[in-house]
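Novice: Okay, so here is run-v3.pdb, and as you'll see once you scroll down, it has PDB, C-alpha atoms.
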```pdb
ATOM      1  CA  MET I   1      -9.068  13.488 175.217
ATOM      2  CA  THR I   2      -8.184  11.355 178.278
ATOM      3  CA  GLY I   3      -4.683  12.747 178.770
ATOM      4  CA  LEU I   4      -1.268  11.283 178.128
ATOM      5  CA  ARG I   5       1.479   9.663 180.185
ATOM      6  CA  LEU I   6       5.061   8.686 179.308
ATOM      7  CA  VAL I   7       7.172   6.312 181.434
ATOM      8  CA  VAL I   8      10.827   5.420 180.803
ATOM      9  CA  HIS I   9      12.343   2.431 182.631
ATOM     10  CA  GLU I  10      15.957   1.346 182.737
ATOM     11  CA  GLY I  11      16.313  -2.215 181.470
ATOM     12  CA  SER I  12      13.970  -4.451 179.490
ATOM     13  CA  GLY I  13      10.351  -4.419 180.636
ATOM     14  CA  SER I  14       8.623  -2.330 183.294
ATOM     15  CA  THR I  15      10.446  -3.520 186.429
ATOM     16  CA  GLY I  16      13.656  -1.507 186.169
ATOM     17  CA  ARG I  17      14.485   1.855 187.682
ATOM     18  CA  VAL I  18      12.103   4.622 186.568
ATOM     19  CA  LEU I  19      14.013   7.391 184.791
ATOM     20  CA  ALA I  20      10.978   9.476 183.893
ATOM     21  CA  ASP I  21       7.252   9.392 184.601
ATOM     22  CA  VAL I  22       5.443  12.411 183.223
ATOM     23  CA  ALA I  23       1.736  12.942 182.606
ATOM     24  CA  LEU I  24      -0.630  15.435 181.019
ATOM     25  CA  ALA I  25      -4.135  15.414 182.464
ATOM     26  CA  PRO I  26      -7.241  15.782 180.287
ATOM     27  CA  GLY I  27      -8.871  19.169 180.074
ATOM     28  CA  ALA I  28      -8.903  22.508 178.306
ATOM     29  CA  SER I  29      -5.127  22.540 177.775
ATOM     30  CA  TRP I  30      -5.606  20.034 174.953
ATOM     31  CA  VAL I  31      -6.428  21.907 171.743
ATOM     32  CA  ALA I  32      -8.160  19.941 168.969
ATOM     33  CA  GLY I  33      -6.974  20.499 165.419
ATOM     34  CA  PRO I  34      -8.314  19.474 162.010
ATOM     35  CA  GLY I  35      -9.089  15.786 161.728
ATOM     36  CA  ALA I  36      -8.019  13.540 164.605
ATOM     37  CA  ARG I  37      -5.293  15.832 165.937
ATOM     38  CA  TRP I  38      -4.586  17.254 169.415
ATOM     39  CA  ARG I  39      -1.933  19.598 170.797
ATOM     40  CA  TYR I  40      -1.129  20.236 174.445
ATOM     41  CA  ASP I  41      -0.801  23.967 175.045
ATOM     42  CA  ALA I  42      -0.516  24.811 178.745
ATOM     43  CA  GLY I  43       2.058  27.611 178.661
ATOM     44  CA  PRO I  44       4.329  26.716 181.620
ATOM     45  CA  LEU I  45       5.847  23.271 182.101
ATOM     46  CA  ALA I  46       3.402  20.524 183.070
ATOM     47  CA  ASP I  47       5.099  17.674 184.937
ATOM     48  CA  GLY I  48       8.270  18.196 182.887
ATOM     49  CA  ILE I  49       6.532  18.111 179.495
ATOM     50  CA  ARG I  50       7.157  21.156 177.296
ATOM     51  CA  ARG I  51       5.216  20.089 174.236
ATOM     52  CA  ALA I  52       3.055  17.168 173.158
ATOM     53  CA  THR I  53       1.135  16.431 169.974
ATOM     54  CA  LEU I  54      -1.046  13.491 169.005
ATOM     55  CA  ARG I  55      -2.474  12.845 165.550
ATOM     56  CA  GLU I  56      -4.099   9.955 163.764
ATOM     57  CA  VAL I  57      -2.220   8.594 160.763
ATOM     58  CA  ALA I  58      -3.002   6.000 158.124
ATOM     59  CA  PRO I  59      -2.776   2.425 159.465
ATOM     60  CA  LEU I  60       0.509   0.603 158.951
ATOM     61  CA  PRO I  61       0.077  -2.007 156.206
ATOM     62  CA  ALA I  62       2.437  -4.245 158.184
ATOM     63  CA  TYR I  63      -0.072  -4.560 161.008
ATOM     64  CA  GLN I  64      -3.311  -4.208 159.066
ATOM     65  CA  ALA I  65      -4.358  -2.027 161.990
ATOM     66  CA  ARG I  66      -7.596  -0.079 162.112
ATOM     67  CA  ARG I  67      -6.129   3.008 163.698
ATOM     68  CA  ALA I  68      -2.632   4.327 164.327
ATOM     69  CA  TYR I  69      -1.316   7.472 165.978
ATOM     70  CA  ALA I  70       1.856   9.529 165.789
ATOM     71  CA  VAL I  71       2.966  10.976 169.130
ATOM     72  CA  ALA I  72       5.630  13.612 169.747
ATOM     73  CA  ILE I  73       6.684  14.499 173.318
ATOM     74  CA  ASP I  74       9.391  16.839 174.573
ATOM     75  CA  ALA I  75       9.903  16.162 178.307
ATOM     76  CA  ARG I  76      12.714  17.612 180.402
ATOM     77  CA  GLY I  77      13.344  18.996 183.852
ATOM     78  CA  PRO I  78      15.297  18.623 187.086
ATOM     79  CA  GLY I  79      15.302  15.528 189.249
ATOM     80  CA  VAL I  80      15.743  12.954 186.469
ATOM     81  CA  PRO I  81      18.231  10.236 187.497
ATOM     82  CA  VAL I  82      21.433   9.784 185.529
ATOM     83  CA  ALA I  83      20.811   7.380 182.630
ATOM     84  CA  LEU I  84      23.265   4.517 182.238
ATOM     85  CA  ASP I  85      24.593   4.170 178.705
ATOM     86  CA  GLY I  86      25.182   0.428 179.085
ATOM     87  CA  GLU I  87      21.551  -0.474 179.807
ATOM     88  CA  PRO I  88      18.571  -0.938 177.503
ATOM     89  CA  HIS I  89      15.610   1.385 178.108
ATOM     90  CA  THR I  90      11.892   0.678 177.841
ATOM     91  CA  VAL I  91       9.532   3.480 176.840
ATOM     92  CA  SER I  92       5.817   3.077 177.651
ATOM     93  CA  LEU I  93       3.083   5.337 176.295
ATOM     94  CA  LEU I  94      -0.329   5.539 177.983
ATOM     95  CA  LEU I  95      -3.224   7.483 176.506
ATOM     96  CA  ASP I  96      -4.900   7.863 179.888
ATOM     97  CA  ALA I  97      -2.960   9.844 182.470
ATOM     98  CA  ALA I  98      -4.898   8.295 185.374
ATOM     99  CA  ALA I  99      -4.730   4.615 184.315
ATOM    100  CA  PRO I 100      -1.280   3.142 185.092
ATOM    101  CA  THR I 101      -2.018  -0.210 183.429
ATOM    102  CA  ALA I 102      -3.701   1.021 180.226
ATOM    103  CA  ARG I 103      -0.577   0.889 178.063
ATOM    104  CA  CYS I 104      -0.962   1.883 174.445
ATOM    105  CA  ALA I 105       2.585   1.010 173.372
ATOM    106  CA  ASP I 106       5.844  -0.373 174.821
ATOM    107  CA  GLN I 107       9.204  -0.281 173.060
ATOM    108  CA  THR I 108      12.587  -1.450 174.348
ATOM    109  CA  PHE I 109      15.681   0.228 172.925
ATOM    110  CA  GLU I 110      19.161  -1.283 173.248
ATOM    111  CA  PRO I 111      22.185   0.920 174.035
ATOM    112  CA  ALA I 112      23.809   2.206 170.862
ATOM    113  CA  TYR I 113      27.123   0.418 171.450
ATOM    114  CA  ALA I 114      25.346  -2.977 171.643
ATOM    115  CA  VAL I 115      23.582  -2.628 168.272
ATOM    116  CA  PRO I 116      25.776  -3.195 165.192
ATOM    117  CA  ALA I 117      25.710  -0.230 162.822
ATOM    118  CA  TRP I 118      24.131  -2.278 160.019
ATOM    119  CA  ARG I 119      21.253  -3.313 162.336
ATOM    120  CA  ARG I 120      20.437   0.158 163.660
ATOM    121  CA  ARG I 121      18.717   0.745 160.331
ATOM    122  CA  TRP I 122      15.869  -1.387 161.692
ATOM    123  CA  ASP I 123      16.211  -1.512 165.458
ATOM    124  CA  GLY I 124      17.210   1.995 166.447
ATOM    125  CA  ALA I 125      18.997   2.629 169.756
ATOM    126  CA  CYS I 126      19.356   4.887 172.799
ATOM    127  CA  ARG I 127      22.182   7.338 173.446
ATOM    128  CA  THR I 128      22.928   9.379 176.557
ATOM    129  CA  ARG I 129      24.585  12.766 176.802
ATOM    130  CA  ILE I 130      28.197  12.826 177.968
ATOM    131  CA  ASP I 131      27.114  14.324 181.307
ATOM    132  CA  GLY I 132      24.364  11.714 181.720
ATOM    133  CA  THR I 133      21.596  14.320 181.904
ATOM    134  CA  GLY I 134      19.831  13.420 178.672
ATOM    135  CA  LEU I 135      18.599  10.291 176.941
ATOM    136  CA  ARG I 136      17.522  10.079 173.313
ATOM    137  CA  CYS I 137      15.861   6.929 171.973
ATOM    138  CA  ARG I 138      15.008   6.639 168.293
ATOM    139  CA  SER I 139      13.548   3.864 166.174
ATOM    140  CA  GLY I 140      15.176   2.887 162.924
ATOM    141  CA  SER I 141      14.515   4.830 159.757
ATOM    142  CA  VAL I 142      11.028   4.530 158.306
ATOM    143  CA  ARG I 143      10.982   3.115 154.794
ATOM    144  CA  TYR I 144       8.251   3.379 152.194
ATOM    145  CA  PRO I 145       5.938   1.999 150.966
ATOM    146  CA  CYS I 146       5.572  -0.032 154.160
ATOM    147  CA  ARG I 147       6.227   2.978 156.443
ATOM    148  CA  VAL I 148       7.858   0.765 159.084
ATOM    149  CA  SER I 149      11.169   0.742 160.904
ATOM    150  CA  LEU I 150      11.553  -2.731 162.453
ATOM    151  CA  ALA I 151      12.603  -5.899 160.659
ATOM    152  CA  VAL I 152       9.547  -7.819 161.886
ATOM    153  CA  ASP I 153       7.297  -5.062 160.534
ATOM    154  CA  GLU I 154       8.997  -5.312 157.165
ATOM    155  CA  LEU I 155       8.222  -9.044 157.092
ATOM    156  CA  ARG I 156       4.573  -8.402 157.930
ATOM    157  CA  CYS I 157       4.354  -5.809 155.189
ATOM    158  CA  LEU I 158       5.989  -8.138 152.657
ATOM    159  CA  LEU I 159       3.607 -10.994 153.476
ATOM    160  CA  ALA I 160       0.591  -8.678 153.244
ATOM    161  CA  ALA I 161       1.724  -7.780 149.711
ATOM    162  CA  VAL I 162       2.134 -11.493 148.891
ATOM    163  CA  ALA I 163      -1.391 -12.173 150.172
ATOM    164  CA  ARG I 164      -2.870  -9.419 147.986
ATOM    165  CA  ALA I 165      -1.048 -10.808 144.944
ATOM    166  CA  GLU I 166      -2.250 -14.351 145.709
ATOM    167  CA  GLU I 167      -5.866 -13.207 145.987
ATOM    168  CA  ALA I 168      -5.578 -11.328 142.676
ATOM    169  CA  HIS I 169      -4.150 -14.478 141.045
ATOM    170  CA  HIS I 170      -7.030 -16.562 142.420
ATOM    171  CA  VAL I 171      -9.594 -14.149 141.009
ATOM    172  CA  ALA I 172      -7.925 -14.241 137.584
ATOM    173  CA  TYR I 173      -7.117 -17.963 137.330
ATOM    174  CA  GLY I 174      -9.240 -19.771 139.923
ATOM    175  CA  ALA I 175      -6.229 -20.972 141.927
ATOM    176  CA  TYR I 176      -3.418 -19.709 144.133
ATOM    177  CA  CYS I 177       0.126 -20.010 142.842
ATOM    178  CA  SER I 178       3.604 -21.016 143.992
ATOM    179  CA  MET I 179       6.178 -18.285 143.315
ATOM    180  CA  CYS I 180       4.531 -17.351 140.009
ATOM    181  CA  THR I 181       5.258 -14.221 137.987
ATOM    182  CA  GLY I 182       2.694 -12.085 139.811
ATOM    183  CA  LEU I 183       4.400 -12.819 143.132
ATOM    184  CA  LEU I 184       7.923 -12.317 141.840
ATOM    185  CA  ASP I 185       6.963  -8.825 140.689
ATOM    186  CA  ILE I 186       6.446  -7.760 144.335
ATOM    187  CA  PRO I 187       9.231  -5.379 145.495
ATOM    188  CA  GLN I 188      11.374  -7.343 147.950
ATOM    189  CA  PRO I 189      12.863  -5.445 150.903
ATOM    190  CA  PRO I 190      16.647  -5.857 151.293
ATOM    191  CA  PHE I 191      17.929  -8.727 153.467
ATOM    192  CA  THR I 192      14.621 -10.642 153.330
ATOM    193  CA  THR I 193      13.972 -14.206 152.168
ATOM    194  CA  TRP I 194      10.498 -15.542 151.414
ATOM    195  CA  ILE I 195       8.583 -18.333 149.726
ATOM    196  CA  ALA I 196       4.927 -18.960 148.832
ATOM    197  CA  VAL I 197       3.083 -22.177 148.003
ATOM    198  CA  GLY I 198      -0.471 -22.292 146.638
ATOM    199  CA  THR I 199      -3.187 -24.732 145.632
ATOM    200  CA  THR I 200      -6.690 -24.266 144.252
ATOM    201  CA  ALA I 201      -8.094 -23.864 147.773
ATOM    202  CA  SER I 202      -5.449 -22.066 149.858
ATOM    203  CA  PHE I 203      -1.928 -20.686 150.031
ATOM    204  CA  SER I 204       0.823 -20.264 152.603
ATOM    205  CA  ALA I 205       3.825 -17.958 152.651
ATOM    206  CA  ALA I 206       6.810 -17.541 154.987
ATOM    207  CA  ALA I 207       9.441 -14.820 155.309
ATOM    208  CA  ALA I 208      12.645 -14.230 157.295
ATOM    209  CA  HIS I 209      14.961 -11.248 157.764
ATOM    210  CA  SER I 210      18.707 -11.211 158.403
ATOM    211  CA  ALA I 211      18.222  -8.444 161.000
ATOM    212  CA  ALA I 212      15.955 -10.714 163.064
ATOM    213  CA  PRO I 213      17.710 -14.104 163.198
ATOM    214  CA  GLY I 214      15.538 -16.961 164.410
ATOM    215  CA  LEU I 215      12.274 -15.148 163.601
ATOM    216  CA  VAL I 216       9.911 -16.378 160.877
ATOM    217  CA  CYS I 217       6.611 -14.768 159.861
ATOM    218  CA  ARG I 218       3.925 -16.838 158.142
ATOM    219  CA  TRP I 219       0.694 -16.143 156.264
ATOM    220  CA  GLU I 220      -1.738 -19.071 156.155
ATOM    221  CA  SER I 221      -4.867 -18.206 154.158
ATOM    222  CA  ALA I 222      -6.902 -20.980 155.798
ATOM    223  CA  ARG I 223      -6.141 -19.778 159.328
ATOM    224  CA  VAL I 224      -7.638 -16.961 161.405
ATOM    225  CA  PRO I 225      -5.753 -14.772 161.997
ATOM    226  CA  ALA I 226      -3.755 -15.493 158.869
ATOM    227  CA  LEU I 227      -0.562 -13.681 159.896
ATOM    228  CA  SER I 228       1.724 -14.849 162.709
ATOM    229  CA  CYS I 229       5.377 -14.388 163.673
ATOM    230  CA  GLY I 230       7.475 -16.492 166.016
ATOM    231  CA  ALA I 231      10.839 -18.069 166.737
ATOM    232  CA  GLU I 232      11.475 -21.104 164.542
ATOM    233  CA  PRO I 233      14.133 -22.398 162.145
ATOM    234  CA  TRP I 234      13.917 -21.146 158.573
TER     235      TRP I 234
END
```
For this file, produce the structure as structure tokens.

Specialist:
Amino acid sequence: MTGLRLVVHEGSGSTGRVLADVALAPGASWVAGPGARWRYDAGPLADGIRRATLREVAPLPAYQARRAYAVAIDARGPGVPVALDGEPHTVSLLLDAAAPTARCADQTFEPAYAVPAWRRRWDGACRTRIDGTGLRCRSGSVRYPCRVSLAVDELRCLLAAVARAEEAHHVAYGAYCSMCTGLLDIPQPPFTTWIAVGTTASFSAAAAHSAAPGLVCRWESARVPALSCGAEPW
């Protein structure tokens, strides 16, 4: 275990004011559990962190990732600047306490007042305590079977399901299909729109989400990598 570091910046990206920068060094304080699971158990506070756990979880179908991890951190202590409720906040996770550029994940959260209630289901938001001494940032709710919380992840998951159905159709009939029965049987997440076109040699599919206007994800079977997402008209 190479340690763990959590950095919270005010604003979008890593150039804003640092609200928190806490780290747990590698060593005997990390206790290994069954499977790929670790728990930090140092007794007294370590750089403001009370508890930390890290465990490997099944890959997200939306990303087709090899490995994924769930991280839980409870960090608190004196000397943290007052968080501004009107600013977005960027949370960076590093799985090496001594490597400031080895980021494992970055996520920007908008202030709660700036995110419409219907969109928080996907995007999540940050809230500060009334006295400004605490900041809580949460992603949107995780929905099964995709186990994702962002609109773009839901599109990736949907297109991965379309691709599996297309490949099954090709095995059965020797060709890909265009919106055939096998594709229409795929559960469609709310607020998504998608289409698929197939020939004997290849297929393409595109999907959009009302919670991510201007974003389109595409799956092109003849391209490597097949899945891509970007800003374009639907």

Novice: Quick one: residues within 12 Å of segment 88-90 of chain I, only C-alpha atoms counted, chain neighbours fewer than 3 positions away excluded, as a ChimeraX atom specification?

Specialist: /I:6-21,83-85,93,105-115,124-128,135-138

Novice: Could you spell out the hits of the PyMOL selection byres ((chain I and resi 165-173) around 9) on the shown file, as number ranges by chain?

Specialist: I: 160-164, 174-177, 182-183, 186, 198, 200, 203

Novice: Grab all the atoms of segment 126-130 of chain I that the file lists, wrap them in a box along x, y and z, add 6 Å per side, and give me centre plus edge lengths in Å (one decimal) as lines of an AutoDock Vina configuration file.

Specialist:
```
center_x = 23.8
center_y = 8.9
center_z = 175.4
size_x = 20.8
size_y = 19.9
size_z = 17.2
```

Novice: Give me the residues within 8 Å of Thr193 of chain I as an MDAnalysis selection string, counting all atoms listed in the file and dropping any in the same chain fewer than 2 places off.

Specialist: chainID I and resid 191 195 207:209

Novice: Rank nothing, just name the residue among I:Leu158, I:Ser202, I:Gly230, I:Ala23 nearest to Leu184 of chain I, using all atoms listed in the file.

Specialist: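 Distance minimum relative to Leu184 of chain I lands on I:Leu158.
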
Novice: Provide the atom CA of Leu227 of chain I to atom CA of Met179 of chain I distance in Å, to one decimal place.

Specialist: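 Between atom CA of Leu227 of chain I and atom CA of Met179 of chain I the gap works out to 18.5 Å.
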
Novice: For the provided coordinates, the residues matched by the PyMOL selection byres ((chain I and resi 217) around 6) should be stated as a PyMOL selection string.

Specialist: chain I and resi 206-207+216+218+228-229

Novice: Let's have the selection written as a CSV table (one decimal), in the frame of the given file, with C-alpha atoms.

Specialist:
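What landed in out-v1.csv:
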```csv
chain,number,residue,atom,x,y,z
I,206,ALA,CA,6.8,-17.5,155.0
I,207,ALA,CA,9.4,-14.8,155.3
I,216,VAL,CA,9.9,-16.4,160.9
I,218,ARG,CA,3.9,-16.8,158.1
I,228,SER,CA,1.7,-14.8,162.7
I,229,CYS,CA,5.4,-14.4,163.7
```

Novice: With all atoms listed in the file as the counted atoms, please give the residues lying no more than 6 Å from Asp96 of chain I, apart from itself and same-chain residues fewer than 5 positions off, as a list in words.

Specialist: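 Near Asp96 of chain I, the qualifying residues are Thr2, Gly3 and Leu4 of chain I.
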
Novice: One decimal, in Å: what's the spacing between atom CA of Ala28 of chain I and atom CA of Arg51 of chain I?

Specialist: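 Atom-to-atom, atom CA of Ala28 of chain I to atom CA of Arg51 of chain I, that is 14.9 Å.
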
Novice: May I ask for the distance between atom CA of Thr192 of chain I and atom CA of Val224 of chain I, given in Å to one decimal place?

Specialist: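 Atom CA of Val224 of chain I lies 24.5 Å from atom CA of Thr192 of chain I.
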
Novice: To verify the selection step, state as a list of chain:residue names which residues the PyMOL selection byres ((chain I and resi 29) around 7) yields on this input.

Specialist: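 What the PyMOL selection byres ((chain I and resi 29) around 7) grabs from the file is I:Gly27, I:Ala28, I:Trp30, I:Val31, I:Tyr40, I:Asp41, I:Ala42.
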
Novice: Kindly indicate which residue among I:Glu220, I:Arg156, I:Pro26, I:Tyr69 lies nearest to Leu54 of chain I, using only C-alpha atoms for the distances.

Specialist: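 Closest candidate: I:Tyr69.
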